[in-house]
$ cat upload.csv   # CSV, C-alpha atoms
chain,number,residue,atom,x,y,z
A,859,MET,CA,0.0,0.0,0.0
A,860,GLU,CA,2.7,2.4,0.9
A,861,SER,CA,4.8,1.7,-2.2
A,862,ALA,CA,1.7,2.2,-4.4
A,863,ALA,CA,1.0,5.5,-2.7
A,864,LEU,CA,4.6,6.6,-3.2
A,865,ASN,CA,4.4,5.8,-6.9
A,866,HIS,CA,1.6,8.3,-7.3
A,867,LEU,CA,3.9,11.1,-5.9
A,868,GLY,CA,5.8,13.3,-8.3
A,869,PHE,CA,5.6,16.4,-10.4
A,870,ALA,CA,2.4,15.4,-12.1
A,871,HIS,CA,0.7,14.7,-8.8
A,872,PHE,CA,2.0,18.0,-7.4
A,873,LEU,CA,0.7,19.9,-10.4
A,874,SER,CA,-2.7,18.3,-10.1
A,875,GLN,CA,-2.9,19.2,-6.4
A,876,THR,CA,-1.6,22.8,-6.6
A,877,ASP,CA,-3.9,25.8,-6.6
A,878,GLY,CA,-3.9,28.9,-8.8
A,879,VAL,CA,-1.0,30.6,-7.0
A,880,GLY,CA,1.2,27.5,-7.5
A,881,LYS,CA,0.3,27.4,-11.1
A,882,ALA,CA,1.0,31.1,-11.5
A,883,VAL,CA,4.5,30.5,-10.0
A,884,LEU,CA,5.1,27.7,-12.4
A,885,GLY,CA,4.0,29.9,-15.3
A,886,THR,CA,6.3,32.7,-14.2
A,887,LEU,CA,9.3,30.3,-14.0
A,888,LEU,CA,8.4,28.9,-17.4
A,889,LEU,CA,8.2,32.4,-18.9
A,890,LEU,CA,11.5,33.4,-17.4
A,891,SER,CA,13.1,30.2,-18.7
A,892,VAL,CA,11.8,30.6,-22.3
A,893,ALA,CA,12.8,34.3,-22.3
A,894,SER,CA,16.3,33.5,-21.0
A,895,TRP,CA,17.0,30.7,-23.4
A,896,TYR,CA,15.7,32.7,-26.3
A,897,LEU,CA,18.1,35.5,-25.5
A,898,ILE,CA,20.9,33.1,-24.8
A,899,VAL,CA,20.6,31.5,-28.2
A,900,THR,CA,19.9,34.6,-30.3
A,901,ARG,CA,22.6,36.7,-28.6
A,902,ALA,CA,25.1,34.0,-29.0
A,903,ILE,CA,24.4,33.6,-32.7
A,904,ALA,CA,24.4,37.4,-33.3
A,905,ASN,CA,27.6,37.9,-31.4
A,906,THR,CA,29.3,35.1,-33.4
A,907,LEU,CA,28.2,36.5,-36.7
A,908,ALA,CA,29.2,40.1,-35.7
A,909,GLN,CA,32.7,38.9,-34.7
A,910,LYS,CA,33.2,37.1,-38.0
A,911,ARG,CA,31.9,40.0,-40.1
A,912,ALA,CA,34.1,42.5,-38.2
A,913,ALA,CA,37.2,40.4,-38.6
A,914,LEU,CA,36.6,40.2,-42.4
A,915,PHE,CA,35.9,44.0,-42.6
A,916,LEU,CA,39.0,44.9,-40.6
A,917,ALA,CA,41.2,42.6,-42.8
A,918,ASP,CA,39.9,44.4,-45.9
A,919,PHE,CA,40.1,47.8,-44.3
A,920,TRP,CA,43.8,47.6,-43.3
A,921,ASP,CA,44.7,46.1,-46.7
A,922,ALA,CA,43.4,49.2,-48.5
A,923,PRO,CA,46.2,51.2,-50.0
A,924,SER,CA,44.7,54.6,-48.9
A,925,LEU,CA,41.9,56.1,-46.9
A,926,GLN,CA,40.2,57.1,-50.1
A,927,ASP,CA,40.3,53.5,-51.4
A,928,ALA,CA,38.9,52.3,-48.1
A,929,SER,CA,36.1,54.9,-48.3
A,930,SER,CA,35.2,53.7,-51.8
A,931,ALA,CA,35.1,50.1,-50.7
A,932,LEU,CA,33.0,50.9,-47.7
A,933,ALA,CA,30.3,52.5,-49.9
A,934,ALA,CA,29.8,49.1,-51.6
A,935,GLN,CA,29.7,47.0,-48.4
A,936,PRO,CA,26.6,46.3,-46.2
A,937,VAL,CA,26.6,47.8,-42.7
A,938,ASP,CA,26.5,44.5,-40.8
A,939,ASN,CA,28.7,45.1,-37.9
A,940,ALA,CA,29.7,47.9,-35.5
A,941,PHE,CA,33.2,48.4,-37.0
A,942,THR,CA,31.8,49.0,-40.5
A,943,GLU,CA,29.2,51.4,-39.2
A,944,LEU,CA,31.8,53.3,-37.2
A,945,ALA,CA,34.2,53.6,-40.2
A,946,GLN,CA,31.4,54.9,-42.4
A,947,GLN,CA,30.3,57.4,-39.8
A,948,ALA,CA,33.9,58.7,-39.4
A,949,LEU,CA,34.6,59.0,-43.1
A,950,GLN,CA,31.3,60.7,-43.7
A,951,ALA,CA,32.0,63.1,-40.8
A,952,ALA,CA,35.3,64.0,-42.3
A,953,CYS,CA,33.7,64.7,-45.7
A,954,ASP,CA,30.9,66.7,-44.1
A,955,SER,CA,33.3,68.7,-42.0
A,956,GLU,CA,35.4,69.7,-45.0
A,957,ALA,CA,32.4,70.6,-47.1
A,958,HIS,CA,30.1,72.3,-44.6
A,959,ALA,CA,32.2,73.4,-41.7
A,960,PRO,CA,31.3,77.1,-42.1
A,961,HIS,CA,27.6,76.3,-42.3
A,962,ARG,CA,27.0,73.7,-39.6
A,963,LEU,CA,27.1,74.2,-35.9
A,964,ALA,CA,28.1,70.5,-35.4
A,965,ALA,CA,31.2,71.0,-37.5
A,966,ALA,CA,32.0,74.5,-36.3
A,967,GLY,CA,34.6,73.3,-33.8
A,968,GLY,CA,36.8,71.8,-36.4
A,969,LEU,CA,37.4,68.3,-37.8
A,970,GLY,CA,38.9,67.0,-34.6
A,971,GLU,CA,36.0,68.0,-32.3
A,972,PHE,CA,33.4,67.0,-34.8
A,973,LEU,CA,35.0,63.6,-35.4
A,974,THR,CA,35.3,63.0,-31.7
A,975,ARG,CA,31.6,63.6,-31.2
A,976,VAL,CA,30.7,61.3,-34.1
A,977,LEU,CA,32.9,58.5,-32.9
A,978,ARG,CA,31.8,58.8,-29.3
A,979,ASN,CA,28.2,58.7,-30.4
A,980,GLY,CA,28.8,55.6,-32.5
A,981,ILE,CA,30.4,53.8,-29.6
A,982,ASP,CA,27.6,54.8,-27.2
A,983,GLN,CA,25.0,53.5,-29.7
A,984,GLU,CA,26.8,50.2,-29.9
A,985,ALA,CA,27.1,50.0,-26.2
A,986,ALA,CA,23.3,50.4,-25.9
A,987,ARG,CA,22.8,47.8,-28.6
A,988,VAL,CA,24.9,45.1,-27.0
A,989,GLU,CA,23.1,45.6,-23.7
A,990,HIS,CA,19.9,44.4,-25.3
A,991,GLY,CA,18.5,41.4,-23.3
A,992,LEU,CA,20.9,41.6,-20.5
A,993,THR,CA,18.3,43.1,-18.1
A,994,VAL,CA,16.0,40.1,-18.7
A,995,LEU,CA,18.9,37.7,-18.0
A,996,ALA,CA,19.9,39.5,-14.9
A,997,SER,CA,16.3,39.6,-13.7
A,998,ALA,CA,15.8,35.9,-14.4
A,999,GLY,CA,19.0,35.0,-12.6
A,1000,SER,CA,18.2,37.0,-9.5
A,1001,ALA,CA,14.5,36.5,-9.2
A,1002,ALA,CA,13.9,32.9,-10.3
A,1003,PRO,CA,15.3,31.3,-7.1
A,1004,TYR,CA,13.1,33.5,-5.0
A,1005,VAL,CA,10.1,32.8,-7.2
A,1006,GLY,CA,10.8,29.0,-6.8
A,1007,LEU,CA,11.2,29.4,-3.1
A,1008,PHE,CA,7.9,31.2,-2.8
A,1009,GLY,CA,6.3,28.3,-4.7
A,1010,THR,CA,7.9,25.8,-2.3
A,1011,VAL,CA,6.7,27.7,0.8
A,1012,TRP,CA,3.2,28.0,-0.6
A,1013,GLY,CA,3.2,24.3,-1.6
A,1014,ILE,CA,4.4,23.2,1.9
A,1015,TYR,CA,1.8,25.4,3.5
A,1016,HIS,CA,-1.0,23.8,1.6
A,1017,ALA,CA,0.4,20.3,2.0
A,1018,LEU,CA,0.5,20.8,5.8
A,1019,VAL,CA,-3.0,22.2,5.9
A,1020,GLN,CA,-4.3,19.2,4.0
A,1021,ILE,CA,-2.4,16.8,6.3
A,1022,GLY,CA,-3.8,18.6,9.3
A,1023,LEU,CA,-7.3,18.3,8.1
A,1024,SER,CA,-6.9,14.6,7.3
A,1025,GLY,CA,-5.5,14.0,10.8
A,1026,GLN,CA,-2.7,11.8,9.4
A,1027,GLY,CA,0.5,13.6,10.6
A,1028,THR,CA,3.0,10.7,10.4
A,1029,LEU,CA,6.3,11.2,8.7
A,1030,ASP,CA,5.4,9.1,5.6
A,1031,LYS,CA,2.3,11.3,5.1
A,1032,VAL,CA,4.3,14.5,5.4
A,1033,ALA,CA,7.5,13.7,3.5
A,1034,GLY,CA,5.8,13.1,0.1
A,1035,PRO,CA,3.8,16.4,-0.2
A,1036,VAL,CA,6.7,18.4,1.3
A,1037,GLY,CA,9.2,16.8,-1.1
A,1038,GLU,CA,6.9,17.6,-4.0
A,1039,ALA,CA,6.8,21.2,-3.0
A,1040,LEU,CA,10.6,21.4,-3.1
A,1041,ILE,CA,10.3,20.8,-6.9
A,1042,MET,CA,9.6,24.5,-7.1
A,1043,THR,CA,13.0,25.5,-5.6
A,1044,ALA,CA,14.7,23.1,-8.0
A,1045,LEU,CA,12.9,24.7,-11.0
A,1046,GLY,CA,13.9,28.1,-9.8
A,1047,LEU,CA,17.5,27.2,-9.7
A,1048,ALA,CA,17.3,25.5,-13.1
A,1049,VAL,CA,16.0,28.8,-14.5
A,1050,ALA,CA,18.5,31.0,-12.6
A,1051,ILE,CA,21.8,29.2,-13.2
A,1052,PRO,CA,21.9,29.3,-17.0
A,1053,ALA,CA,20.7,33.0,-16.9
A,1054,VAL,CA,23.5,34.0,-14.5
A,1055,LEU,CA,26.2,32.2,-16.5
A,1056,ALA,CA,25.0,33.7,-19.8
A,1057,TYR,CA,24.8,37.1,-18.3
A,1058,ASN,CA,28.4,37.0,-17.1
A,1059,ALA,CA,29.6,35.6,-20.4
A,1060,PHE,CA,27.8,38.3,-22.4
A,1061,ASN,CA,29.1,41.0,-20.1
A,1062,ARG,CA,32.7,39.9,-20.6
A,1063,ARG,CA,32.2,39.7,-24.4
A,1064,ASN,CA,30.7,43.1,-24.5
A,1065,ARG,CA,33.6,44.7,-22.5
A,1066,MET,CA,36.1,43.2,-24.9
A,1067,TRP,CA,34.0,44.1,-28.0
A,1068,LEU,CA,33.7,47.8,-26.9
A,1069,ALA,CA,37.3,48.0,-26.0
A,1070,ARG,CA,38.3,46.9,-29.5
A,1071,LEU,CA,35.7,49.3,-31.0
A,1072,ASP,CA,37.2,52.1,-28.9
A,1073,ALA,CA,40.7,51.3,-30.1
A,1074,PHE,CA,39.5,51.2,-33.7
A,1075,ALA,CA,37.8,54.6,-33.2
A,1076,HIS,CA,41.2,56.0,-32.1
A,1077,ASP,CA,42.7,54.6,-35.3
A,1078,LEU,CA,40.0,56.2,-37.4
A,1079,TYR,CA,40.6,59.5,-35.6
A,1080,VAL,CA,44.3,59.4,-36.4
A,1081,LEU,CA,43.7,58.4,-40.0
A,1082,SER,CA,41.1,61.1,-40.6
A,1083,THR,CA,42.9,64.0,-38.9
A,1084,VAL,CA,46.7,63.2,-39.1
A,1085,GLY,CA,48.0,60.4,-41.2
A,1086,SER,CA,47.1,57.8,-43.7
A,1087,ILE,CA,46.6,54.1,-43.5
A,1088,ARG,CA,50.3,53.4,-44.1
A,1089,SER,CA,51.3,55.6,-41.1
A,1090,ALA,CA,48.4,54.9,-38.8
A,1091,GLY,CA,50.5,53.0,-36.3
A,1092,PRO,CA,49.5,49.8,-34.5
A,1093,ARG,CA,46.2,48.3,-35.6
A,1094,ALA,CA,44.7,48.3,-32.2
A,1095,GLY,CA,41.2,47.6,-33.6
A,1096,ASP,CA,42.2,44.4,-35.4
A,1097,LEU,CA,40.3,41.4,-34.1
A,1098,ARG,CA,42.8,38.9,-35.4
$ encode --input "upload.csv" --output "C-alpha cells"
Amino acid sequence: MESAALNHLGFAHFLSQTDGVGKAVLGTLLLLSVASWYLIVTRAIANTLAQKRAALFLADFWDAPSLQDASSALAAQPVDNAFTELAQQALQAACDSEAHAPHRLAAAGGLGEFLTRVLRNGIDQEAARVEHGLTVLASAGSAAPYVGLFGTVWGIYHALVQIGLSGQGTLDKVAGPVGEALIMTALGLAVAIPAVLAYNAFNRRNRMWLARLDAFAHDLYVLSTVGSIRSAGPRAGDLR
C-alpha cells in the first residue's frame, strides 16, 4: 500500500494538487526560462556573426592602399557590424566637416572635435545595442530562485493544511507532499543558473568588444585627422 502511494507522488501529482497561486508561480518560471533561453541562443548567434563580419571587414580595411580607397570600398559594403558602421560614420563626418564646416554648428569646432563627437556617439550607440536582453537575463538570474522558493513555501503550507485536516500527521504522510513542494525550488535554480552564467559571459564579451571598438575609433581619428593608412601606427582595432 505504501509503495503504491509513493508511486503516485511526483511532479504530475504535485501539479494536479496545486492551486492557482502555485500554477502562477510555475507559469512565471516557465516564462523566465523561455525568455532566458531565447536571449541566450539569439545573442550567442548574433555575437558570433558580428565577430566574423568584423574580422573580415578589418582585414579588408587595413589592406586598402589609402583612406580614399577604403572609403570607396565601404560604400559598396553592407553595414552588418559595428566596425563597418563606425568607419562609415567617421569617413562621412570627415567629408561633411570639409564641405560644410562654415555652415553647420556641429562642425564649427573643427574636424577633430566633430569627429570625436561622431565616434563617441557611435560607440555609445553600440554599447546600448549590445546591452539588449541583459536586463532580462539579470532579472531571471536574480528573481527565479526567490520565485521558486515562494512556490515551495506555498506548496508546503497547503500540504501541511491538507495533512492537518486529514488527521494523518505521520512522517510518511508529510514527506511526500513536502518533497513535491521542493520541486519549485529546483525549478527556480534550473532557471537562474543558465541565466546567470549567460549574463556573465555576455558582459565579458561586451567589454572586450567595446574595448576593440574604442581602439578602432582611435585609429579612425588618427587616420582622418593626421595620417594615412600606411602611417596609422598599431592596428589596435584588429580582431585577429
$ residues_around --input "upload.csv" --residues "Ile981 in chain A" --least-positions-apart "6" --cutoff "9 Å" --atoms "only C-alpha atoms" --output "count of residues only"
6
$ residues_near_point --input "upload.csv" --point "(42.3, 59.6, -49.0)" --cutoff "12 Å" --atoms "all atoms listed in the file" --output "number ranges by chain"
A: 922-930, 949, 952-953, 1081-1088
$ residues_around --input "upload.csv" --residues "range 902-912 of chain A" --least-positions-apart "2" --cutoff "12 Å" --atoms "all atoms listed in the file" --output "number ranges by chain"
A: 894-900, 914-919, 935-945, 984, 987-991, 1056-1057, 1059-1061, 1063-1064, 1066-1068, 1070-1071, 1074, 1095-1098
$ atom_distance --input "upload.csv" --atom1 "CA of Ala893 in chain A" --atom2 "CA of Arg1065 in chain A"
23.3 Å
$ atom_distance --input "upload.csv" --atom1 "CA of Gly1046 in chain A" --atom2 "CA of Asn1058 in chain A"
18.5 Å
$ atom_distance --input "upload.csv" --atom1 "CA of Thr1010 in chain A" --atom2 "CA of Glu1038 in chain A"
8.4 Å
$ closest_residue --input "upload.csv" --among "A:Arg901, A:Ala933, A:Ala948, A:Ala882" --to "Leu1078 in chain A" --atoms "all atoms listed in the file"
A:Ala948
$ closest_residue --input "upload.csv" --among "A:Leu995, A:Leu1023, A:Ala1001, A:Val1080" --to "Leu1047 in chain A" --atoms "only C-alpha atoms"
A:Ala1001
$ decode --input "upload.csv" --residues "range 899-912 of chain A" --atoms "N, CA and C atoms" --output "compact mmCIF listing (two decimals), in the first residue's frame"
# COMPACT_ATOMS: atom_id res chain seq x y z
N VAL A 899 20.33 32.02 -26.91
CA VAL A 899 20.59 31.48 -28.25
C VAL A 899 20.74 32.60 -29.27
N THR A 900 19.82 33.56 -29.27
CA THR A 900 19.87 34.61 -30.29
C THR A 900 21.08 35.52 -30.11
N ARG A 901 21.40 35.88 -28.86
CA ARG A 901 22.56 36.73 -28.64
C ARG A 901 23.86 36.02 -28.97
N ALA A 902 23.94 34.72 -28.67
CA ALA A 902 25.15 33.97 -28.99
C ALA A 902 25.36 33.92 -30.51
N ILE A 903 24.29 33.66 -31.26
CA ILE A 903 24.40 33.63 -32.72
C ILE A 903 24.77 35.00 -33.27
N ALA A 904 24.08 36.05 -32.78
CA ALA A 904 24.35 37.41 -33.26
C ALA A 904 25.79 37.83 -32.95
N ASN A 905 26.28 37.50 -31.77
CA ASN A 905 27.65 37.87 -31.41
C ASN A 905 28.67 37.15 -32.27
N THR A 906 28.42 35.88 -32.55
CA THR A 906 29.35 35.11 -33.38
C THR A 906 29.40 35.66 -34.79
N LEU A 907 28.24 35.97 -35.37
CA LEU A 907 28.20 36.53 -36.72
C LEU A 907 28.87 37.91 -36.77
N ALA A 908 28.59 38.73 -35.76
CA ALA A 908 29.20 40.06 -35.73
C ALA A 908 30.72 39.97 -35.62
N GLN A 909 31.21 39.03 -34.85
CA GLN A 909 32.65 38.86 -34.69
C GLN A 909 33.30 38.46 -36.02
N LYS A 910 32.69 37.54 -36.74
CA LYS A 910 33.25 37.10 -38.03
C LYS A 910 33.20 38.22 -39.06
N ARG A 911 32.07 38.94 -39.12
CA ARG A 911 31.94 40.02 -40.09
C ARG A 911 32.93 41.14 -39.80
N ALA A 912 33.11 41.45 -38.52
CA ALA A 912 34.06 42.50 -38.15
C ALA A 912 35.48 42.11 -38.51
